[in-house]
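Okay, start-v8.txt now, which holds compact mmCIF, C-alpha atoms and all ligand atoms:
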# COMPACT_ATOMS: atom_id res chain seq x y z
CA MET D 291 -17.94 29.31 -33.38
CA ARG D 292 -16.56 29.96 -29.90
CA GLN D 293 -14.18 27.31 -28.63
CA PRO D 294 -15.37 25.62 -25.46
CA SER D 295 -13.39 26.19 -22.30
CA VAL D 296 -12.23 23.00 -20.58
CA ALA D 297 -11.06 22.11 -17.09
CA VAL D 298 -9.18 18.91 -16.30
CA ILE D 299 -8.73 17.68 -12.71
CA GLY D 300 -5.51 15.75 -12.10
CA THR D 301 -2.08 15.48 -13.69
CA GLY D 302 -1.43 11.75 -13.54
CA PHE D 303 -1.29 9.67 -16.71
CA GLY D 304 -5.02 10.30 -17.25
CA GLY D 305 -5.05 14.09 -16.83
CA LEU D 306 -1.92 14.60 -18.94
CA ALA D 307 -3.28 12.40 -21.75
CA ALA D 308 -6.61 14.26 -21.74
CA ALA D 309 -4.87 17.64 -21.82
CA ILE D 310 -2.56 16.63 -24.66
CA GLU D 311 -5.46 15.37 -26.79
CA LEU D 312 -7.49 18.52 -26.08
CA LYS D 313 -4.58 20.69 -27.16
CA ARG D 314 -4.01 18.56 -30.24
CA SER D 315 -7.59 19.13 -31.28
CA GLY D 316 -6.94 22.88 -31.17
CA LEU D 317 -8.32 23.77 -27.74
CA ASP D 318 -6.21 26.20 -25.80
CA ASP D 319 -8.74 27.55 -23.29
CA LEU D 320 -7.67 24.89 -20.85
CA VAL D 321 -7.10 24.89 -17.13
CA ILE D 322 -5.75 21.89 -15.23
CA PHE D 323 -6.23 21.63 -11.47
CA GLU D 324 -3.72 19.63 -9.45
CA ARG D 325 -3.81 19.52 -5.68
CA GLY D 326 -0.21 18.28 -5.49
CA PRO D 327 2.97 20.30 -6.07
CA ASP D 328 3.91 18.58 -9.35
CA VAL D 329 2.60 16.35 -12.12
CA GLY D 330 2.77 12.56 -11.84
CA GLY D 331 -0.25 11.41 -9.83
CA VAL D 332 0.45 8.10 -8.10
CA TRP D 333 4.02 8.26 -9.41
CA ARG D 334 4.60 11.46 -7.44
CA GLU D 335 3.14 9.94 -4.27
CA ASN D 336 4.36 6.33 -4.23
CA THR D 337 8.03 6.31 -3.26
CA TYR D 338 8.12 3.09 -1.24
CA PRO D 339 11.21 0.85 -1.66
CA GLY D 340 10.99 -1.03 -4.94
CA ALA D 341 8.10 1.07 -6.33
CA ALA D 342 7.86 0.27 -10.03
CA CYS D 343 5.28 -0.37 -12.70
CA ASP D 344 3.83 -3.86 -12.74
CA VAL D 345 3.55 -4.11 -16.47
CA PRO D 346 6.59 -3.56 -18.70
CA SER D 347 7.49 0.09 -19.36
CA PRO D 348 7.43 -0.06 -23.17
CA TYR D 349 3.78 -0.98 -22.67
CA TYR D 350 3.18 1.31 -19.68
CA SER D 351 3.77 4.55 -21.58
CA PHE D 352 1.78 6.76 -23.92
CA SER D 353 1.48 5.18 -27.39
CA PHE D 354 2.35 8.58 -28.92
CA GLU D 355 5.35 9.09 -26.65
CA PRO D 356 7.64 6.03 -26.53
CA ASN D 357 10.53 6.55 -24.15
CA ARG D 358 14.02 5.65 -25.32
CA ASN D 359 15.33 6.24 -21.81
CA TRP D 360 13.58 3.55 -19.80
CA PRO D 361 16.44 2.23 -17.66
CA ARG D 362 14.86 -1.21 -17.37
CA ARG D 363 11.88 -3.21 -18.53
CA PHE D 364 9.94 -2.62 -15.30
CA ALA D 365 11.02 0.97 -14.67
CA GLY D 366 11.09 2.26 -11.12
CA GLN D 367 9.08 5.17 -9.74
CA PRO D 368 11.81 7.83 -10.30
CA ALA D 369 12.07 6.98 -14.02
CA ILE D 370 8.29 6.98 -14.48
CA LEU D 371 7.96 10.31 -12.68
CA ASP D 372 10.75 11.74 -14.88
CA TYR D 373 8.92 10.50 -17.95
CA LEU D 374 5.66 12.18 -16.92
CA ARG D 375 7.46 15.44 -16.08
CA GLY D 376 9.15 15.30 -19.49
CA VAL D 377 5.81 14.74 -21.23
CA ALA D 378 4.24 17.70 -19.40
CA ASN D 379 7.16 19.91 -20.52
CA LYS D 380 7.24 18.68 -24.09
CA TYR D 381 3.54 19.33 -24.62
CA ASP D 382 3.73 22.71 -22.87
CA LEU D 383 1.14 21.72 -20.26
CA ARG D 384 2.64 23.46 -17.24
CA ARG D 385 1.35 26.89 -18.22
CA HIS D 386 -2.18 25.43 -17.94
CA ILE D 387 -1.69 23.73 -14.57
CA ARG D 388 -2.67 25.26 -11.25
CA PHE D 389 -0.60 23.30 -8.75
CA GLY D 390 -1.62 23.13 -5.12
CA THR D 391 -5.24 23.69 -6.12
CA GLU D 392 -7.76 21.14 -4.93
CA VAL D 393 -11.17 20.97 -6.56
CA THR D 394 -13.65 20.69 -3.70
CA ALA D 395 -16.96 20.79 -5.63
CA ALA D 396 -18.30 20.94 -9.17
CA HIS D 397 -21.92 21.64 -10.20
CA TYR D 398 -23.49 21.69 -13.61
CA VAL D 399 -25.54 24.84 -14.10
CA GLU D 400 -28.46 24.08 -16.42
CA THR D 401 -29.25 27.66 -17.35
CA THR D 402 -25.75 28.50 -18.62
CA ARG D 403 -24.82 24.93 -19.53
CA THR D 404 -21.54 25.32 -17.75
CA TRP D 405 -19.68 23.66 -14.91
CA ARG D 406 -19.10 25.74 -11.82
CA ILE D 407 -15.96 24.44 -10.15
CA ARG D 408 -15.04 25.36 -6.60
CA THR D 409 -11.37 25.26 -5.60
CA GLY D 410 -9.37 26.50 -2.64
CA ASP D 411 -8.52 29.55 -4.78
CA GLY D 412 -12.05 30.48 -5.79
CA THR D 413 -14.64 29.50 -8.39
CA VAL D 414 -14.11 28.83 -12.09
CA GLU D 415 -16.77 28.30 -14.73
CA VAL D 416 -16.09 26.19 -17.84
CA ASP D 417 -18.05 24.47 -20.61
CA VAL D 418 -16.50 21.06 -20.20
CA LEU D 419 -15.11 19.28 -17.15
CA VAL D 420 -12.82 16.25 -17.39
CA SER D 421 -12.20 14.33 -14.18
CA ALA D 422 -8.90 12.44 -14.05
CA VAL D 423 -8.62 12.17 -10.27
CA GLY D 424 -7.51 8.52 -10.37
CA GLN D 425 -8.60 5.86 -7.94
CA LEU D 426 -5.49 5.31 -5.87
CA SER D 427 -4.50 8.85 -5.01
CA ARG D 428 -6.07 8.67 -1.53
CA PRO D 429 -4.37 6.05 0.65
CA SER D 430 -6.77 3.59 2.20
CA TRP D 431 -6.14 2.43 5.77
CA PRO D 432 -7.74 -0.80 7.00
CA ASP D 433 -10.68 -0.15 9.27
CA ILE D 434 -9.37 -2.18 12.23
CA PRO D 435 -10.43 -1.15 15.73
CA GLY D 436 -7.57 0.10 17.82
CA ARG D 437 -5.43 1.46 15.01
CA GLU D 438 -5.20 4.89 16.56
CA THR D 439 -3.87 3.38 19.81
CA PHE D 440 -0.89 1.67 18.19
CA ARG D 441 2.32 2.98 19.71
CA GLY D 442 4.82 1.94 17.06
CA ALA D 443 5.59 3.72 13.81
CA ALA D 444 2.83 3.15 11.22
CA LEU D 445 3.15 4.04 7.57
CA HIS D 446 1.21 3.56 4.37
CA SER D 447 2.92 2.33 1.21
CA ALA D 448 1.43 5.26 -0.73
CA GLN D 449 2.91 7.75 1.78
CA TRP D 450 6.16 6.06 2.69
CA ASP D 451 7.92 7.81 5.53
CA HIS D 452 11.60 7.48 4.64
CA ASP D 453 12.58 8.80 8.07
CA VAL D 454 11.30 5.62 9.75
CA GLU D 455 14.28 3.32 10.18
CA LEU D 456 13.18 -0.28 9.57
CA ALA D 457 16.57 -1.95 9.98
CA GLY D 458 16.56 -4.34 12.94
CA LYS D 459 12.88 -3.76 13.70
CA ARG D 460 9.99 -6.20 13.92
CA VAL D 461 7.73 -5.14 11.09
CA ALA D 462 4.19 -6.18 10.20
CA VAL D 463 2.80 -5.65 6.71
CA ILE D 464 -0.96 -5.63 6.18
CA GLY D 465 -1.90 -6.61 2.66
CA THR D 466 -0.30 -8.60 -0.11
CA GLY D 467 -1.30 -6.67 -3.22
CA ALA D 468 0.83 -5.15 -5.95
CA SER D 469 2.67 -2.69 -3.67
CA ALA D 470 3.47 -5.22 -0.91
CA VAL D 471 4.77 -7.65 -3.51
CA GLN D 472 7.26 -4.96 -4.54
CA PHE D 473 8.41 -3.62 -1.17
CA VAL D 474 8.41 -6.80 0.96
CA PRO D 475 11.52 -8.22 -0.81
CA GLU D 476 13.22 -4.83 -0.43
CA ILE D 477 12.72 -4.49 3.32
CA GLN D 478 12.86 -8.16 4.34
CA PRO D 479 16.68 -8.49 4.36
CA GLU D 480 17.11 -5.54 6.74
CA VAL D 481 14.32 -6.05 9.28
CA ALA D 482 14.67 -8.30 12.33
CA HIS D 483 11.39 -10.08 11.72
CA LEU D 484 8.56 -9.68 9.27
CA THR D 485 4.92 -10.65 9.75
CA VAL D 486 2.85 -10.48 6.57
CA PHE D 487 -0.93 -10.40 6.99
CA GLN D 488 -2.60 -11.83 3.93
CA ARG D 489 -6.34 -11.69 3.24
CA SER D 490 -6.23 -13.27 -0.21
CA PRO D 491 -3.08 -14.24 -2.12
CA ALA D 492 -2.46 -13.38 -5.77
CA HIS D 493 -1.41 -15.56 -8.67
CA LEU D 494 2.19 -14.66 -9.46
CA VAL D 495 4.04 -15.12 -12.73
CA PRO D 496 7.75 -14.53 -13.46
CA ARG D 497 8.90 -10.95 -13.91
CA SER D 498 11.31 -10.84 -16.84
CA ASP D 499 12.94 -7.63 -15.70
CA THR D 500 16.15 -6.53 -17.37
CA GLU D 501 18.30 -3.44 -17.65
CA PHE D 502 17.85 -1.58 -20.90
CA GLY D 503 20.87 0.69 -20.50
CA TYR D 504 23.26 -1.32 -22.63
CA ARG D 505 20.77 -2.60 -25.15
CA ALA D 506 21.31 -0.41 -28.18
CA ALA D 507 18.31 -2.03 -29.85
CA HIS D 508 16.07 -0.58 -27.21
CA LYS D 509 16.98 2.94 -28.33
CA VAL D 510 15.49 2.22 -31.75
CA ARG D 511 11.88 3.27 -31.91
CA ALA D 512 10.88 0.27 -34.06
CA ALA D 513 12.31 -2.12 -31.45
CA GLN D 514 10.26 -0.40 -28.77
CA LEU D 515 7.11 -0.62 -30.81
CA ILE D 516 7.70 -4.32 -31.43
CA GLU D 517 8.21 -4.95 -27.71
CA ARG D 518 5.09 -2.92 -26.95
CA ALA D 519 3.08 -4.91 -29.49
CA ALA D 520 4.39 -8.20 -28.04
CA TRP D 521 3.32 -7.21 -24.50
CA TRP D 522 -0.01 -6.03 -25.82
CA GLY D 523 -0.49 -9.46 -27.44
CA PHE D 524 0.48 -11.19 -24.20
CA SER D 525 -1.94 -9.04 -22.19
CA GLU D 526 -4.77 -9.70 -24.62
CA ALA D 527 -4.12 -13.45 -24.37
CA VAL D 528 -4.17 -13.16 -20.57
CA THR D 529 -7.49 -11.31 -20.73
CA LEU D 530 -8.88 -13.95 -23.07
CA SER D 531 -7.81 -16.62 -20.61
CA PHE D 532 -9.74 -14.82 -17.85
CA LEU D 533 -12.90 -14.31 -19.86
CA ARG D 534 -13.28 -16.76 -22.67
CA SER D 535 -10.76 -19.53 -23.05
CA GLU D 536 -10.58 -22.38 -20.59
CA VAL D 537 -7.58 -23.81 -22.39
CA LEU D 538 -5.65 -20.55 -21.99
CA SER D 539 -6.86 -20.23 -18.41
CA ARG D 540 -5.56 -23.69 -17.56
CA ALA D 541 -2.24 -22.97 -19.29
CA LEU D 542 -1.83 -19.68 -17.38
CA THR D 543 -2.78 -21.33 -14.07
CA ALA D 544 -0.20 -24.07 -14.69
CA TYR D 545 2.43 -21.44 -15.59
CA SER D 546 1.73 -19.53 -12.37
CA ARG D 547 1.61 -22.68 -10.25
CA ARG D 548 4.93 -23.95 -11.59
CA HIS D 549 6.57 -20.58 -10.90
CA MET D 550 5.14 -20.33 -7.38
CA ARG D 551 5.86 -23.98 -6.56
CA ARG D 552 9.50 -23.53 -7.57
CA GLN D 553 9.83 -20.50 -5.35
CA VAL D 554 8.12 -22.01 -2.30
CA PRO D 555 9.48 -25.48 -1.50
CA ASP D 556 7.68 -25.52 1.89
CA PRO D 557 4.26 -27.16 1.31
CA ASP D 558 2.64 -25.34 4.28
CA LEU D 559 3.67 -21.95 2.96
CA PHE D 560 2.64 -22.91 -0.56
CA GLU D 561 -0.79 -23.89 0.79
CA LYS D 562 -1.12 -20.36 2.20
CA VAL D 563 0.07 -18.42 -0.81
CA TRP D 564 -1.58 -20.45 -3.59
CA PRO D 565 -4.92 -18.78 -4.44
CA GLN D 566 -8.10 -20.82 -4.03
CA TYR D 567 -9.95 -18.97 -6.79
CA PRO D 568 -9.70 -19.14 -10.59
CA ILE D 569 -6.92 -17.10 -12.12
CA GLY D 570 -8.08 -13.61 -13.07
CA CYS D 571 -10.55 -13.13 -10.20
CA LYS D 572 -7.92 -10.94 -8.58
CA ARG D 573 -5.09 -9.12 -10.29
CA MET D 574 -2.30 -11.44 -11.40
CA LEU D 575 1.13 -10.07 -10.49
CA PHE D 576 4.62 -10.29 -11.97
CA SER D 577 7.23 -11.11 -9.33
CA GLY D 578 10.38 -13.14 -8.94
CA ASP D 579 11.48 -12.06 -5.48
CA TYR D 580 8.34 -11.81 -3.31
CA LEU D 581 7.86 -15.50 -2.55
CA PRO D 582 11.57 -16.15 -1.86
CA ALA D 583 11.35 -13.30 0.69
CA LEU D 584 8.31 -14.91 2.35
CA ALA D 585 10.15 -18.22 2.48
CA GLN D 586 12.86 -16.80 4.77
CA SER D 587 12.98 -18.16 8.32
CA ASP D 588 12.39 -14.72 9.87
CA VAL D 589 9.12 -14.17 8.00
CA ASP D 590 5.64 -15.32 9.07
CA VAL D 591 2.64 -15.26 6.78
CA ILE D 592 -0.64 -14.92 8.69
CA ASP D 593 -3.73 -15.69 6.65
CA THR D 594 -6.38 -15.04 9.27
CA ARG D 595 -7.84 -11.56 9.44
CA ILE D 596 -6.83 -9.09 12.13
CA SER D 597 -9.76 -8.12 14.32
CA VAL D 598 -8.04 -5.78 16.75
CA TRP D 599 -5.01 -3.56 16.23
CA THR D 600 -3.35 -3.36 19.61
CA LYS D 601 -1.59 -0.47 21.23
CA CYS D 602 1.33 -2.72 22.13
CA THR D 603 3.74 -2.88 19.22
CA SER D 604 4.13 -6.67 19.37
CA TRP D 605 0.64 -8.08 19.71
CA TYR D 606 -2.47 -8.51 17.65
CA ARG D 607 -5.65 -10.58 17.94
CA ASP D 608 -6.78 -12.37 14.81
CA ALA D 609 -10.33 -13.10 13.63
CA THR D 610 -10.41 -16.42 15.47
CA GLY D 611 -9.70 -14.59 18.74
CA ARG D 612 -6.21 -16.05 18.93
CA ILE D 613 -3.63 -13.72 20.41
CA SER D 614 -0.33 -13.68 18.58
CA THR D 615 2.85 -11.77 18.38
CA ASN D 616 5.16 -10.73 15.62
CA TRP D 617 7.98 -11.37 18.04
CA PRO D 618 10.05 -14.35 16.87
CA GLY D 619 9.25 -17.49 18.85
CA THR D 620 5.93 -18.69 20.11
CA SER D 621 3.40 -16.30 21.54
CA LEU D 622 2.82 -18.64 24.49
CA GLU D 623 6.46 -18.58 25.49
CA TYR D 624 6.68 -14.81 25.23
CA ARG D 625 3.44 -14.41 27.14
CA ARG D 626 4.72 -16.54 29.98
CA ARG D 627 8.07 -14.78 30.14
CA ALA D 628 6.59 -11.32 29.92
CA ALA D 629 3.85 -12.01 32.50
CA PHE D 630 1.54 -10.86 29.78
CA GLN D 631 -1.67 -9.02 30.69
CA PRO D 632 -4.56 -8.74 28.25
CA SER D 633 -4.84 -5.01 29.02
CA VAL D 634 -1.56 -4.58 27.18
CA TYR D 635 -3.02 -5.57 23.87
CA GLU D 636 -6.64 -4.47 24.21
CA PRO D 637 -7.27 -1.19 22.40
CA ALA D 638 -8.04 1.84 24.54
CA ASP D 639 -11.74 2.74 24.65
C1 LIG P 1 2.91 1.66 -7.37
C2 LIG P 1 1.90 1.60 -8.46
C3 LIG P 1 2.17 0.85 -9.61
C4 LIG P 1 1.25 0.81 -10.65
N1 LIG P 1 1.57 0.08 -11.78
C5 LIG P 1 0.69 0.07 -12.79
C6 LIG P 1 0.99 -0.66 -13.99
O1 LIG P 1 2.04 -1.26 -14.13
N2 LIG P 1 0.08 -0.67 -14.97
C7 LIG P 1 -1.11 0.01 -14.85
O2 LIG P 1 -1.91 0.00 -15.79
N3 LIG P 1 -1.41 0.69 -13.73
C8 LIG P 1 -0.55 0.74 -12.72
N4 LIG P 1 -0.86 1.44 -11.59
C9 LIG P 1 -2.16 2.10 -11.49
C10 LIG P 1 -2.05 3.62 -11.74
O3 LIG P 1 -2.89 4.18 -10.75
C11 LIG P 1 -2.52 3.98 -13.13
O4 LIG P 1 -1.75 3.27 -14.10
C12 LIG P 1 -2.34 5.45 -13.49
O5 LIG P 1 -1.07 5.94 -13.14
C13 LIG P 1 -3.44 6.28 -12.86
O6 LIG P 1 -3.37 7.56 -13.44
P1 LIG P 1 -4.55 8.59 -13.21
O7 LIG P 1 -4.17 9.82 -13.94
O8 LIG P 1 -5.84 7.97 -13.56
O9 LIG P 1 -4.61 8.84 -11.63
P2 LIG P 1 -3.53 9.33 -10.59
O10 LIG P 1 -2.16 8.94 -10.98
O11 LIG P 1 -4.04 8.91 -9.25
O12 LIG P 1 -3.61 10.92 -10.69
C14 LIG P 1 -4.67 11.64 -10.17
C15 LIG P 1 -4.22 13.06 -9.90
O13 LIG P 1 -5.34 13.83 -9.57
C16 LIG P 1 -5.03 14.67 -8.47
N5 LIG P 1 -6.29 14.94 -7.79
C17 LIG P 1 -7.13 14.03 -7.23
N6 LIG P 1 -8.21 14.66 -6.73
C18 LIG P 1 -8.04 15.97 -6.97
C19 LIG P 1 -8.84 17.13 -6.68
N7 LIG P 1 -10.00 17.03 -6.06
N8 LIG P 1 -8.36 18.33 -7.04
C20 LIG P 1 -7.17 18.47 -7.68
N9 LIG P 1 -6.38 17.41 -7.99
C21 LIG P 1 -6.81 16.18 -7.63
C22 LIG P 1 -4.07 13.85 -7.63
O14 LIG P 1 -3.25 14.68 -6.80
C23 LIG P 1 -3.26 13.14 -8.71
O15 LIG P 1 -2.13 13.90 -9.08
C24 LIG P 1 0.04 1.51 -10.55
C25 LIG P 1 -0.24 2.24 -9.39
C26 LIG P 1 0.68 2.30 -8.36
C27 LIG P 1 0.35 3.11 -7.15
Kindly transcribe the structure held in the file into structure tokens.
Amino acid sequence: MRQPSVAVIGTGFGGLAAAIELKRSGLDDLVIFERGPDVGGVWRENTYPGAACDVPSPYYSFSFEPNRNWPRRFAGQPAILDYLRGVANKYDLRRHIRFGTEVTAAHYVETTRTWRIRTGDGTVEVDVLVSAVGQLSRPSWPDIPGRETFRGAALHSAQWDHDVELAGKRVAVIGTGASAVQFVPEIQPEVAHLTVFQRSPAHLVPRSDTEFGYRAAHKVRAAQLIERAAWWGFSEAVTLSFLRSEVLSRALTAYSRRHMRRQVPDPDLFEKVWPQYPIGCKRMLFSGDYLPALAQSDVDVIDTRISVWTKCTSWYRDATGRISTNWPGTSLEYRRRAAFQPSVYEPAD
């Protein structure tokens, strides 16, 4: 019987895993499309300060490919990208990959029972199509009126512009999800003032990060598998607490609350950052340095939504219509001193 031909789109964790399993099952008529210049998916793209996995590396790796070289428990982006490059080499995937080739359309043709795939380089027809395009590989910008009029530097965490110098600048961060929780503590010490816009806070639990470099035990495969199994058990218990067990849910909520309370002595700030929804309704995050960064005197946490993104680099209008500034000091004072005109902050038509 003729072997089916297969196309995979994407070379992140998903695409590489699919390709490896296809090859293991004896398929060699395999083409992998990747629009980027290398393998890695989000780990090729996300280079923001502090970028790292948010679950421990022994658990965030292929079960069939434990990595004795994780430098730390929560490995950073360079180590994860190295790992994925190594996996692609080891399983001889590169000869199948067409880098810089974006799939722009794919249609199933009933008569031939094949997939017709259109790419920038032409059309390919295969029997089976596997999509592993991920969900985070296209950066999402908030749809706030006036964004295009903003005169300051604007960057997305998934496309960090390392040429933008943040030291000594007034910086505003929109969003408090997994990426912000990692890069806010990295940039906070160097910027002049930080304004963090938060729509909904996350439950945080301690991040037991540690260097693995000197731990000989970590080099032993059995030790890795035990650590992986332990984290798997922990994650399953966390999932149970979200879905089925009120007792576990209460225990996890108390664990998170104690951790966050300890890190935020200021009751007003705690009020802002403590989630008002049951644990598990939004992704719980591991972090030991995010809240201490927010607690610094040169950081403001704004929990009302932004309604207008102004062209002036210092002003925004929140959902209540209130005009504020990420300039240290009160907006009223600055407004008076600067003879402030609304036209400065209104977006251009
Ligand atoms: C900073 C960060 C930390 C994370 N930490 C964790 C974690 O700890 N645990 C966890 O489980 N998850 C984590 N994630 C989620 C992460 O997205 C997944 O774990 C996983 O890496 C996704 O792999 P993927 O292969 O599905 O997609 P991606 O990594 O997004 O790969 C998709 C690939 O497809 C390519 N592609 C897309 N469209 C096309 C097209 N039309 N044509 C050709 N190529 C295309 C892209 O260029 C990309 O290379 C994290 C994500 C980020 C950004």
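When only C-alpha atoms are used to measure the gap to D:Gln449, the shortest distance among D:Arg534, D:Arg428, D:Arg547, D:Arg437 belongs to D:Arg428.
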Show me, as a PyMOL selection string, the residues that have an atom within 12 Å of stretch 555-571 of chain D when counting only C-alpha atoms, minus same-chain residues fewer than 5 positions from it. chain D and resi 466+486-495+525+527-536+538-550+580-587+589-594
Residues of chain D at most 8 Å from ligand LIG 1 (chain P): nearest atom pair and distance in Å, all atoms listed in the file, as a Markdown table:
| residue | atom | partner | partner_atom | distance |
| --- | --- | --- | --- | --- |
| D:Ile299 | CA | P:LIG1 | N9 | 5.3 |
| D:Gly300 | CA | P:LIG1 | O13 | 3.2 |
| D:Thr301 | CA | P:LIG1 | O15 | 4.9 |
| D:Gly302 | CA | P:LIG1 | O7 | 3.4 |
| D:Phe303 | CA | P:LIG1 | O7 | 4.0 |
| D:Gly304 | CA | P:LIG1 | O7 | 3.5 |
| D:Gly305 | CA | P:LIG1 | O7 | 5.2 |
| D:Leu306 | CA | P:LIG1 | O7 | 7.3 |
| D:Phe323 | CA | P:LIG1 | C20 | 5.0 |
| D:Glu324 | CA | P:LIG1 | N9 | 3.8 |
| D:Arg325 | CA | P:LIG1 | C20 | 4.0 |
| D:Gly326 | CA | P:LIG1 | O14 | 4.9 |
| D:Asp328 | CA | P:LIG1 | O15 | 7.6 |
| D:Val329 | CA | P:LIG1 | O15 | 6.1 |
| D:Gly330 | CA | P:LIG1 | O15 | 5.8 |
| D:Gly331 | CA | P:LIG1 | O15 | 3.2 |
| D:Val332 | CA | P:LIG1 | O10 | 4.0 |
| D:Trp333 | CA | P:LIG1 | O10 | 6.4 |
| D:Arg334 | CA | P:LIG1 | O15 | 7.3 |
| D:Glu335 | CA | P:LIG1 | C27 | 7.9 |
| D:Asn336 | CA | P:LIG1 | C1 | 5.8 |
| D:Ala341 | CA | P:LIG1 | C1 | 5.3 |
| D:Ala342 | CA | P:LIG1 | C3 | 5.7 |
| D:Cys343 | CA | P:LIG1 | O1 | 3.7 |
| D:Asp344 | CA | P:LIG1 | O1 | 3.4 |
| D:Val345 | CA | P:LIG1 | O1 | 4.0 |
| D:Pro346 | CA | P:LIG1 | O1 | 6.8 |
| D:Ser347 | CA | P:LIG1 | O1 | 7.7 |
| D:Tyr350 | CA | P:LIG1 | N2 | 6.0 |
| D:Gln367 | CA | P:LIG1 | C1 | 7.5 |
| D:Gly390 | CA | P:LIG1 | C20 | 7.7 |
| D:Thr391 | CA | P:LIG1 | C20 | 5.8 |
| D:Glu392 | CA | P:LIG1 | N8 | 3.6 |
| D:Val393 | CA | P:LIG1 | N8 | 3.9 |
| D:Thr394 | CA | P:LIG1 | N7 | 5.7 |
| D:Ala395 | CA | P:LIG1 | N7 | 7.9 |
| D:Thr409 | CA | P:LIG1 | N8 | 7.7 |
| D:Ala422 | CA | P:LIG1 | O7 | 5.4 |
| D:Val423 | CA | P:LIG1 | O13 | 3.7 |
| D:Gly424 | CA | P:LIG1 | O9 | 3.2 |
| D:Gln425 | CA | P:LIG1 | O11 | 5.6 |
| D:Leu426 | CA | P:LIG1 | O11 | 5.1 |
| D:Ser427 | CA | P:LIG1 | O11 | 4.3 |
| D:Arg428 | CA | P:LIG1 | C17 | 7.9 |
| D:Ala448 | CA | P:LIG1 | C27 | 6.9 |
| D:Ala468 | CA | P:LIG1 | C3 | 7.2 |
| D:Ser469 | CA | P:LIG1 | C1 | 5.7 |
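A straight line drawn from atom CA of D:Val296 to atom CA of D:Leu371 is 25.1 Å long.
Closest approach to D:Gly467 from the set D:Val377, D:Leu575, D:Ile370, D:Ile596 is made by D:Leu575, with distances taken over all atoms listed in the file.
Comparing the minimum interatomic distances between D:Arg388 and each of D:Ala462, D:Leu445, D:Ala513, D:Ala297, counting only C-alpha atoms, we find that D:Ala297 sits nearest.
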Need to verify the contact set: stretch 315-317 of chain D, 8 Å, only C-alpha atoms, exclusion of same-chain residues closer than 6 positions in sequence. Can you return it as a VMD selection string? chain D and resid 293 to 295
Would you mind listing what lies within 9 Å of D:His397 as a list in words, with only C-alpha atoms counted and same-chain residues fewer than 5 positions away left out? Thr404, Trp405, Arg406, Ile407 and Arg408 of chain D
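With all atoms listed in the file as the atoms that count, the minimum distance from D:Arg385 to the choices D:Val463, D:Ile477, D:Ala444, D:Ile322 is reached by D:Ile322.
Minimum distance to D:Asp433 across D:Asp453, D:Ala308, D:Arg403, D:Ile464 (counting only C-alpha atoms) occurs at D:Ile464.
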Quick one: pull the distance between atom CA of D:Asn379 and atom CA of D:Ala309, Å, one decimal. 12.3 Å
So the first atom is atom CA of D:Ala369 and the second is atom CA of D:Lys459; what is the distance between them in Å, to one decimal place? 29.7 Å
Using only C-alpha atoms, pick whichever of D:Val321, D:Val418, D:Pro361, D:Arg595 has the shortest atom-to-atom distance to D:Ile434. D:Arg595
